[in-house]
$ cat target.cif   # mmCIF, C-alpha atoms and all ligand atoms
data_run
loop_
_atom_site.group_PDB
_atom_site.id
_atom_site.type_symbol
_atom_site.label_atom_id
_atom_site.label_comp_id
_atom_site.auth_asym_id
_atom_site.auth_seq_id
_atom_site.Cartn_x
_atom_site.Cartn_y
_atom_site.Cartn_z
ATOM 1 C CA PRO B 287 63.243 -63.718 -25.899
ATOM 2 C CA VAL B 288 61.090 -61.356 -27.916
ATOM 3 C CA LYS B 289 59.428 -58.730 -25.717
ATOM 4 C CA ALA B 290 57.639 -56.655 -28.341
ATOM 5 C CA CYS B 291 56.346 -56.865 -31.893
ATOM 6 C CA ILE B 292 55.983 -53.730 -33.993
ATOM 7 C CA PHE B 293 53.659 -53.939 -36.974
ATOM 8 C CA ASP B 294 53.523 -51.842 -40.087
ATOM 9 C CA LEU B 295 49.891 -51.238 -41.104
ATOM 10 C CA ASP B 296 49.518 -50.813 -44.874
ATOM 11 C CA GLY B 297 50.259 -54.155 -46.536
ATOM 12 C CA VAL B 298 50.780 -56.090 -43.285
ATOM 13 C CA ILE B 299 47.516 -55.808 -41.331
ATOM 14 C CA VAL B 300 45.311 -54.564 -44.163
ATOM 15 C CA ASP B 301 45.787 -54.448 -47.916
ATOM 16 C CA THR B 302 45.459 -50.675 -48.160
ATOM 17 C CA ALA B 303 48.424 -50.664 -50.554
ATOM 18 C CA LYS B 304 45.825 -51.297 -53.274
ATOM 19 C CA TYR B 305 43.900 -48.138 -52.299
ATOM 20 C CA HIS B 306 47.066 -46.043 -52.179
ATOM 21 C CA TYR B 307 47.904 -47.375 -55.637
ATOM 22 C CA LEU B 308 44.439 -46.547 -57.038
ATOM 23 C CA ALA B 309 44.620 -42.976 -55.724
ATOM 24 C CA TRP B 310 48.194 -42.377 -56.956
ATOM 25 C CA ARG B 311 47.342 -43.876 -60.316
ATOM 26 C CA ARG B 312 44.334 -41.576 -60.663
ATOM 27 C CA LEU B 313 46.626 -38.641 -59.953
ATOM 28 C CA ALA B 314 49.226 -39.857 -62.461
ATOM 29 C CA ASN B 315 46.526 -40.256 -65.101
ATOM 30 C CA GLU B 316 45.341 -36.696 -64.468
ATOM 31 C CA LEU B 317 48.906 -35.535 -64.973
ATOM 32 C CA GLY B 318 49.004 -37.434 -68.247
ATOM 33 C CA PHE B 319 50.964 -40.591 -67.493
ATOM 34 C CA ASP B 320 50.450 -44.078 -66.101
ATOM 35 C CA PHE B 321 52.471 -46.076 -63.629
ATOM 36 C CA SER B 322 52.747 -49.783 -63.040
ATOM 37 C CA GLU B 323 52.345 -51.936 -59.950
ATOM 38 C CA GLU B 324 56.057 -52.579 -60.172
ATOM 39 C CA ASP B 325 56.822 -48.847 -59.928
ATOM 40 C CA ASN B 326 54.369 -48.795 -57.030
ATOM 41 C CA GLU B 327 56.741 -50.927 -54.896
ATOM 42 C CA ARG B 328 58.919 -47.829 -54.506
ATOM 43 C CA LEU B 329 56.041 -45.862 -52.978
ATOM 44 C CA LYS B 330 55.402 -48.394 -50.236
ATOM 45 C CA GLY B 331 56.415 -47.408 -46.720
ATOM 46 C CA VAL B 332 57.568 -43.895 -47.547
ATOM 47 C CA SER B 333 55.724 -40.709 -46.537
ATOM 48 C CA ARG B 334 52.993 -39.065 -48.600
ATOM 49 C CA MET B 335 55.304 -36.329 -49.933
ATOM 50 C CA ASP B 336 58.130 -38.761 -50.662
ATOM 51 C CA SER B 337 55.626 -40.946 -52.526
ATOM 52 C CA LEU B 338 54.507 -37.969 -54.599
ATOM 53 C CA ASN B 339 58.096 -37.043 -55.414
ATOM 54 C CA ILE B 340 58.831 -40.596 -56.596
ATOM 55 C CA LEU B 341 55.630 -40.595 -58.664
ATOM 56 C CA LEU B 342 56.534 -37.299 -60.333
ATOM 57 C CA GLU B 343 60.007 -38.602 -61.039
ATOM 58 C CA ILE B 344 58.499 -41.690 -62.723
ATOM 59 C CA GLY B 345 56.270 -39.441 -64.852
ATOM 60 C CA GLY B 346 59.075 -37.008 -65.582
ATOM 61 C CA VAL B 347 57.005 -34.133 -64.193
ATOM 62 C CA GLN B 348 58.445 -31.128 -62.356
ATOM 63 C CA LEU B 349 56.254 -28.956 -60.133
ATOM 64 C CA ASP B 350 56.733 -26.278 -57.476
ATOM 65 C CA GLU B 351 56.117 -26.943 -53.766
ATOM 66 C CA ALA B 352 52.707 -25.245 -53.643
ATOM 67 C CA ARG B 353 51.394 -27.363 -56.515
ATOM 68 C CA LYS B 354 52.822 -30.493 -54.897
ATOM 69 C CA GLU B 355 51.004 -29.717 -51.637
ATOM 70 C CA GLU B 356 47.790 -29.358 -53.628
ATOM 71 C CA LEU B 357 48.247 -32.694 -55.399
ATOM 72 C CA ALA B 358 49.172 -34.548 -52.204
ATOM 73 C CA LYS B 359 46.006 -33.186 -50.612
ATOM 74 C CA LYS B 360 43.913 -34.279 -53.578
ATOM 75 C CA LYS B 361 45.388 -37.782 -53.550
ATOM 76 C CA ASN B 362 44.661 -38.040 -49.839
ATOM 77 C CA GLU B 363 41.030 -36.996 -50.335
ATOM 78 C CA TRP B 364 40.585 -39.807 -52.867
ATOM 79 C CA TYR B 365 42.363 -42.234 -50.559
ATOM 80 C CA VAL B 366 40.176 -41.246 -47.592
ATOM 81 C CA GLU B 367 37.094 -41.928 -49.741
ATOM 82 C CA LEU B 368 38.457 -45.354 -50.635
ATOM 83 C CA ILE B 369 39.139 -46.344 -47.018
ATOM 84 C CA ALA B 370 35.888 -44.899 -45.661
ATOM 85 C CA HIS B 371 34.056 -48.150 -46.341
ATOM 86 C CA MET B 372 36.600 -50.519 -44.820
ATOM 87 C CA ASP B 373 35.556 -52.938 -42.102
ATOM 88 C CA ASP B 374 36.957 -55.946 -40.249
ATOM 89 C CA LYS B 375 36.564 -58.129 -43.342
ATOM 90 C CA GLU B 376 39.643 -56.374 -44.720
ATOM 91 C CA ILE B 377 41.931 -57.522 -41.912
ATOM 92 C CA LEU B 378 44.510 -59.762 -43.586
ATOM 93 C CA ALA B 379 44.544 -63.508 -42.877
ATOM 94 C CA GLY B 380 46.039 -64.600 -39.562
ATOM 95 C CA THR B 381 46.380 -61.101 -38.107
ATOM 96 C CA THR B 382 43.799 -61.188 -35.342
ATOM 97 C CA GLN B 383 44.845 -64.676 -34.298
ATOM 98 C CA PHE B 384 48.552 -63.816 -34.113
ATOM 99 C CA LEU B 385 47.909 -60.583 -32.184
ATOM 100 C CA THR B 386 45.754 -62.518 -29.721
ATOM 101 C CA GLU B 387 48.509 -65.124 -29.218
ATOM 102 C CA LEU B 388 51.072 -62.394 -28.549
ATOM 103 C CA GLN B 389 48.771 -60.748 -26.049
ATOM 104 C CA LYS B 390 48.223 -64.046 -24.217
ATOM 105 C CA VAL B 391 51.942 -64.592 -23.624
ATOM 106 C CA GLY B 392 52.535 -60.936 -22.699
ATOM 107 C CA VAL B 393 54.476 -59.806 -25.768
ATOM 108 C CA LYS B 394 53.841 -56.068 -26.213
ATOM 109 C CA ILE B 395 52.253 -54.878 -29.460
ATOM 110 C CA ALA B 396 52.934 -51.603 -31.278
ATOM 111 C CA LEU B 397 52.012 -50.057 -34.596
ATOM 112 C CA GLY B 398 54.782 -48.386 -36.617
ATOM 113 C CA SER B 399 53.250 -46.771 -39.682
ATOM 114 C CA ALA B 400 54.159 -43.846 -41.936
ATOM 115 C CA SER B 401 50.483 -43.120 -42.543
ATOM 116 C CA LYS B 402 48.577 -40.189 -41.124
ATOM 117 C CA ASN B 403 45.426 -42.239 -41.727
ATOM 118 C CA ALA B 404 46.543 -45.148 -39.518
ATOM 119 C CA LYS B 405 44.206 -44.480 -36.568
ATOM 120 C CA THR B 406 41.192 -44.006 -38.853
ATOM 121 C CA ILE B 407 41.881 -47.407 -40.399
ATOM 122 C CA LEU B 408 42.473 -49.175 -37.059
ATOM 123 C CA LYS B 409 39.166 -47.795 -35.777
ATOM 124 C CA ARG B 410 37.308 -48.880 -38.908
ATOM 125 C CA ILE B 411 38.621 -52.437 -38.710
ATOM 126 C CA GLY B 412 38.156 -52.586 -34.920
ATOM 127 C CA LEU B 413 41.769 -53.365 -33.981
ATOM 128 C CA MET B 414 42.626 -50.174 -32.096
ATOM 129 C CA GLU B 415 42.452 -51.851 -28.656
ATOM 130 C CA MET B 416 44.964 -54.572 -29.562
ATOM 131 C CA PHE B 417 47.837 -52.068 -29.657
ATOM 132 C CA ASP B 418 49.733 -50.962 -26.552
ATOM 133 C CA VAL B 419 51.366 -48.148 -28.502
ATOM 134 C CA ILE B 420 50.589 -46.475 -31.837
ATOM 135 C CA ILE B 421 53.241 -44.518 -33.718
ATOM 136 C CA ASP B 422 52.018 -43.130 -37.035
ATOM 137 C CA GLY B 423 52.727 -40.482 -39.647
ATOM 138 C CA THR B 424 51.644 -37.726 -37.272
ATOM 139 C CA ASP B 425 54.382 -38.639 -34.743
ATOM 140 C CA ILE B 426 57.443 -38.843 -36.950
ATOM 141 C CA SER B 427 59.689 -36.325 -38.659
ATOM 142 C CA LYS B 428 61.796 -38.787 -40.664
ATOM 143 C CA ALA B 429 60.198 -41.340 -42.950
ATOM 144 C CA LYS B 430 61.307 -44.965 -43.451
ATOM 145 C CA PRO B 431 64.046 -46.093 -44.243
ATOM 146 C CA ASP B 432 64.943 -43.890 -41.258
ATOM 147 C CA PRO B 433 64.492 -45.987 -38.074
ATOM 148 C CA GLU B 434 62.679 -43.202 -36.160
ATOM 149 C CA VAL B 435 59.183 -44.737 -36.280
ATOM 150 C CA PHE B 436 60.363 -48.065 -34.804
ATOM 151 C CA LEU B 437 62.710 -46.491 -32.235
ATOM 152 C CA LEU B 438 59.841 -44.315 -30.968
ATOM 153 C CA GLY B 439 57.709 -47.458 -30.696
ATOM 154 C CA ALA B 440 60.330 -49.334 -28.662
ATOM 155 C CA GLU B 441 60.892 -46.329 -26.431
ATOM 156 C CA ALA B 442 57.173 -45.905 -25.727
ATOM 157 C CA LEU B 443 56.938 -49.622 -24.877
ATOM 158 C CA LYS B 444 60.118 -49.382 -22.758
ATOM 159 C CA VAL B 445 61.643 -52.344 -24.595
ATOM 160 C CA GLU B 446 65.200 -52.357 -25.969
ATOM 161 C CA PRO B 447 65.420 -52.544 -29.786
ATOM 162 C CA SER B 448 67.205 -55.909 -29.680
ATOM 163 C CA ALA B 449 64.117 -57.475 -28.050
ATOM 164 C CA CYS B 450 61.759 -56.148 -30.751
ATOM 165 C CA VAL B 451 60.620 -57.862 -33.943
ATOM 166 C CA VAL B 452 59.203 -55.741 -36.761
ATOM 167 C CA PHE B 453 56.703 -56.929 -39.409
ATOM 168 C CA GLU B 454 57.046 -55.099 -42.721
ATOM 169 C CA ASP B 455 55.928 -55.423 -46.358
ATOM 170 C CA ALA B 456 58.049 -52.562 -47.737
ATOM 171 C CA VAL B 457 61.739 -52.577 -48.639
ATOM 172 C CA SER B 458 62.097 -49.151 -46.958
ATOM 173 C CA GLY B 459 60.475 -50.557 -43.818
ATOM 174 C CA VAL B 460 62.774 -53.592 -43.663
ATOM 175 C CA GLU B 461 65.752 -51.240 -43.926
ATOM 176 C CA ALA B 462 64.304 -48.986 -41.208
ATOM 177 C CA ALA B 463 63.893 -51.937 -38.822
ATOM 178 C CA LEU B 464 67.438 -53.195 -39.437
ATOM 179 C CA SER B 465 68.915 -49.749 -38.810
ATOM 180 C CA ALA B 466 66.910 -49.587 -35.585
ATOM 181 C CA GLY B 467 68.820 -52.715 -34.471
ATOM 182 C CA MET B 468 65.695 -54.872 -34.583
ATOM 183 C CA ARG B 469 64.964 -58.188 -36.206
ATOM 184 C CA VAL B 470 62.475 -58.071 -39.033
ATOM 185 C CA VAL B 471 59.989 -60.450 -40.579
ATOM 186 C CA GLY B 472 59.133 -59.500 -44.153
ATOM 187 C CA VAL B 473 55.499 -59.957 -45.172
ATOM 188 C CA GLY B 474 55.421 -60.570 -48.915
ATOM 189 C CA SER B 475 57.877 -62.070 -51.375
ATOM 190 C CA LYS B 476 61.366 -63.357 -50.547
ATOM 191 C CA GLU B 477 62.760 -61.817 -53.734
ATOM 192 C CA THR B 478 61.670 -58.291 -52.801
ATOM 193 C CA LEU B 479 62.286 -58.545 -49.044
ATOM 194 C CA TYR B 480 65.568 -60.500 -49.167
ATOM 195 C CA LYS B 481 67.180 -58.307 -46.497
ATOM 196 C CA ALA B 482 64.668 -59.420 -43.842
ATOM 197 C CA ASN B 483 65.660 -62.066 -41.261
ATOM 198 C CA ASP B 484 62.628 -64.159 -42.186
ATOM 199 C CA VAL B 485 59.849 -63.795 -44.763
ATOM 200 C CA VAL B 486 56.230 -64.990 -44.595
ATOM 201 C CA SER B 487 53.572 -64.496 -47.244
ATOM 202 C CA SER B 488 51.053 -63.469 -44.577
ATOM 203 C CA LEU B 489 50.726 -63.368 -40.789
ATOM 204 C CA ALA B 490 48.763 -66.630 -41.058
ATOM 205 C CA GLU B 491 52.205 -68.311 -41.288
ATOM 206 C CA MET B 492 53.412 -66.769 -38.008
ATOM 207 C CA THR B 493 53.605 -68.715 -34.752
ATOM 208 C CA LEU B 494 55.180 -67.913 -31.379
ATOM 209 C CA ASP B 495 57.813 -70.593 -32.125
ATOM 210 C CA ARG B 496 58.784 -69.038 -35.423
ATOM 211 C CA LEU B 497 59.011 -65.637 -33.743
ATOM 212 C CA GLU B 498 61.764 -66.871 -31.385
ATOM 213 C CA LYS B 499 63.830 -68.283 -34.292
HETATM 214 C C1 LIG B 501 52.636 -45.972 -45.789
HETATM 215 C C2 LIG B 501 52.303 -46.477 -47.174
HETATM 216 O O1 LIG B 501 52.198 -46.896 -44.841
HETATM 217 O O2 LIG B 501 52.025 -44.708 -45.548
HETATM 218 C C3 LIG B 501 52.704 -45.426 -48.208
HETATM 219 O O3 LIG B 501 52.991 -47.680 -47.426
HETATM 220 C C4 LIG B 501 52.006 -44.101 -47.874
HETATM 221 O O4 LIG B 501 52.360 -45.876 -49.488
HETATM 222 C C5 LIG B 501 52.385 -43.667 -46.457
HETATM 223 O O5 LIG B 501 52.393 -43.086 -48.803
HETATM 224 C C6 LIG B 501 51.732 -42.371 -46.026
HETATM 225 O O6 LIG B 501 50.348 -42.564 -45.862
HETATM 226 P P1 LIG B 501 49.276 -41.413 -45.727
HETATM 227 O O7 LIG B 501 48.014 -42.167 -45.406
HETATM 228 O O8 LIG B 501 49.710 -40.533 -44.600
HETATM 229 O O9 LIG B 501 49.232 -40.677 -47.009
HETATM 230 MG MG MG B 502 53.514 -51.181 -45.558
#

$ encode --input "target.cif" --output "structure tokens"
Amino acid sequence: PVKACIFDLDGVIVDTAKYHYLAWRRLANELGFDFSEEDNERLKGVSRMDSLNILLEIGGVQLDEARKEELAKKKNEWYVELIAHMDDKEILAGTTQFLTELQKVGVKIALGSASKNAKTILKRIGLMEMFDVIIDGTDISKAKPDPEVFLLGAEALKVEPSACVVFEDAVSGVEAALSAGMRVVGVGSKETLYKANDVVSSLAEMTLDRLEK
């Protein structure tokens, strides 16, 4: 039986992927190029610096480390402005209900996010208290697809990886969960997340029954 569920944040619980995209796109435009939503898939799940490196590669731009730090900071300031106005209306369909069901049957709940803004967002949308454990970008040294974030979550919950199910919208996150030895439910499209054990288009499709299968 499943003892714990570990949720990614951006793109699973809230659609902050759109805000990340807006901020990265603004940065790209300032650097003199544009980038598509399709390119944006590659930025999902990975750390802020990794995202910047992928963006610069797409634009064919080379910069030194100091300049990169500056740009990452700037992007984050824009992103923080964009998320400052979030509230519980931005919680994605089915999330609160599914978390409540898990809680009722005693399945532990963790967050496993690459974002350093994860706690700010959870507070803004009022979901902080639903999580037994929160692992975010401030706790990890290796970004997805490395399994670190999910292994730290399982360890903190004292649940073995094989009894954990991860919910992920990013290809890098699905890979991270699989290398952690966990089962993974993709949230998004089957075509993109074909490596996942199961795929739903949103948490509204999740039930306790489906979780056990
Ligand atoms: C992930 C997002 O959850 O967090 C990535 O999918 C983002 O797109 C990463 O780059 C880091 O987030 P932050 O908020 O620390 O810049
Ligand atoms: Mg995500």

$ closest_atom_pairs --input "target.cif" --of "chain B" --to "ligand MG 502 (chain B)" --cutoff "12 Å" --atoms "only C-alpha atoms and all ligand atoms" --output "CSV"
residue,atom,partner,partner_atom,distance
B:Phe293,CA,B:MG502,MG,9.0
B:Asp294,CA,B:MG502,MG,5.5
B:Leu295,CA,B:MG502,MG,5.7
B:Asp296,CA,B:MG502,MG,4.1
B:Gly297,CA,B:MG502,MG,4.5
B:Val298,CA,B:MG502,MG,6.1
B:Ile299,CA,B:MG502,MG,8.7
B:Val300,CA,B:MG502,MG,9.0
B:Asp301,CA,B:MG502,MG,8.7
B:Thr302,CA,B:MG502,MG,8.5
B:Ala303,CA,B:MG502,MG,7.2
B:Lys304,CA,B:MG502,MG,10.9
B:His306,CA,B:MG502,MG,10.6
B:Asn326,CA,B:MG502,MG,11.7
B:Glu327,CA,B:MG502,MG,9.9
B:Arg328,CA,B:MG502,MG,11.0
B:Leu329,CA,B:MG502,MG,9.5
B:Lys330,CA,B:MG502,MG,5.8
B:Gly331,CA,B:MG502,MG,4.9
B:Val332,CA,B:MG502,MG,8.6
B:Ser333,CA,B:MG502,MG,10.7
B:Leu397,CA,B:MG502,MG,11.1
B:Gly398,CA,B:MG502,MG,9.5
B:Ser399,CA,B:MG502,MG,7.4
B:Ala400,CA,B:MG502,MG,8.2
B:Ser401,CA,B:MG502,MG,9.1
B:Ala404,CA,B:MG502,MG,11.0
B:Asp422,CA,B:MG502,MG,11.8
B:Lys430,CA,B:MG502,MG,10.2
B:Pro431,CA,B:MG502,MG,11.8
B:Val452,CA,B:MG502,MG,11.4
B:Phe453,CA,B:MG502,MG,9.0
B:Glu454,CA,B:MG502,MG,6.0
B:Asp455,CA,B:MG502,MG,4.9
B:Ala456,CA,B:MG502,MG,5.2
B:Val457,CA,B:MG502,MG,8.9
B:Ser458,CA,B:MG502,MG,8.9
B:Gly459,CA,B:MG502,MG,7.2
B:Val460,CA,B:MG502,MG,9.8
B:Ala462,CA,B:MG502,MG,11.8
B:Gly472,CA,B:MG502,MG,10.1
B:Val473,CA,B:MG502,MG,9.0
B:Gly474,CA,B:MG502,MG,10.2
B:Leu479,CA,B:MG502,MG,12.0

$ closest_residue --input "target.cif" --among "B:Met372, B:Val451, B:Trp310, B:Glu461" --to "Ala358 (chain B)" --atoms "only C-alpha atoms"
B:Trp310

$ atom_distance --input "target.cif" --atom1 "CA of Glu376 (chain B)" --atom2 "CA of Val391 (chain B)"
25.8 Å

$ resolve_selection --input "target.cif" --expression "the PyMOL selection byres (((chain B and resi 383) around 12) and not hetatm)" --output "VMD selection string"
chain B and resid 299 377 to 382 384 to 390 413 416 489 to 494

$ closest_residue --input "target.cif" --among "B:Val347, B:Ala314, B:Asn403, B:Cys291" --to "ligand LIG 501 (chain B)" --atoms "only C-alpha atoms and all ligand atoms"
B:Asn403

$ closest_residue --input "target.cif" --among "B:Arg496, B:Ile340, B:Lys402, B:Trp364" --to "ligand LIG 501 (chain B)" --atoms "only C-alpha atoms and all ligand atoms"
B:Lys402

$ atom_distance --input "target.cif" --atom1 "atom C3 of ligand LIG 501 (chain B)" --atom2 "CA of Ser337 (chain B)"
6.9 Å

$ axis_aligned_box --input "target.cif" --around "ligand LIG 501 (chain B)" --padding-each-side "4 Å" --output "AutoDock Vina command-line options"
--center_x 50.5 --center_y -44.1 --center_z -47.0 --size_x 13.0 --size_y 15.1 --size_z 12.9

$ closest_residue --input "target.cif" --among "B:Asp350, B:Glu446, B:Glu498, B:Glu367" --to "ligand LIG 501 (chain B)" --atoms "all atoms listed in the file"
B:Glu367

$ resolve_selection --input "target.cif" --expression "the PyMOL selection byres (((chain B and resi 345) around 9) and not hetatm)" --output "PyMOL selection string"
chain B and resi 314+317-321+340-344+346-348
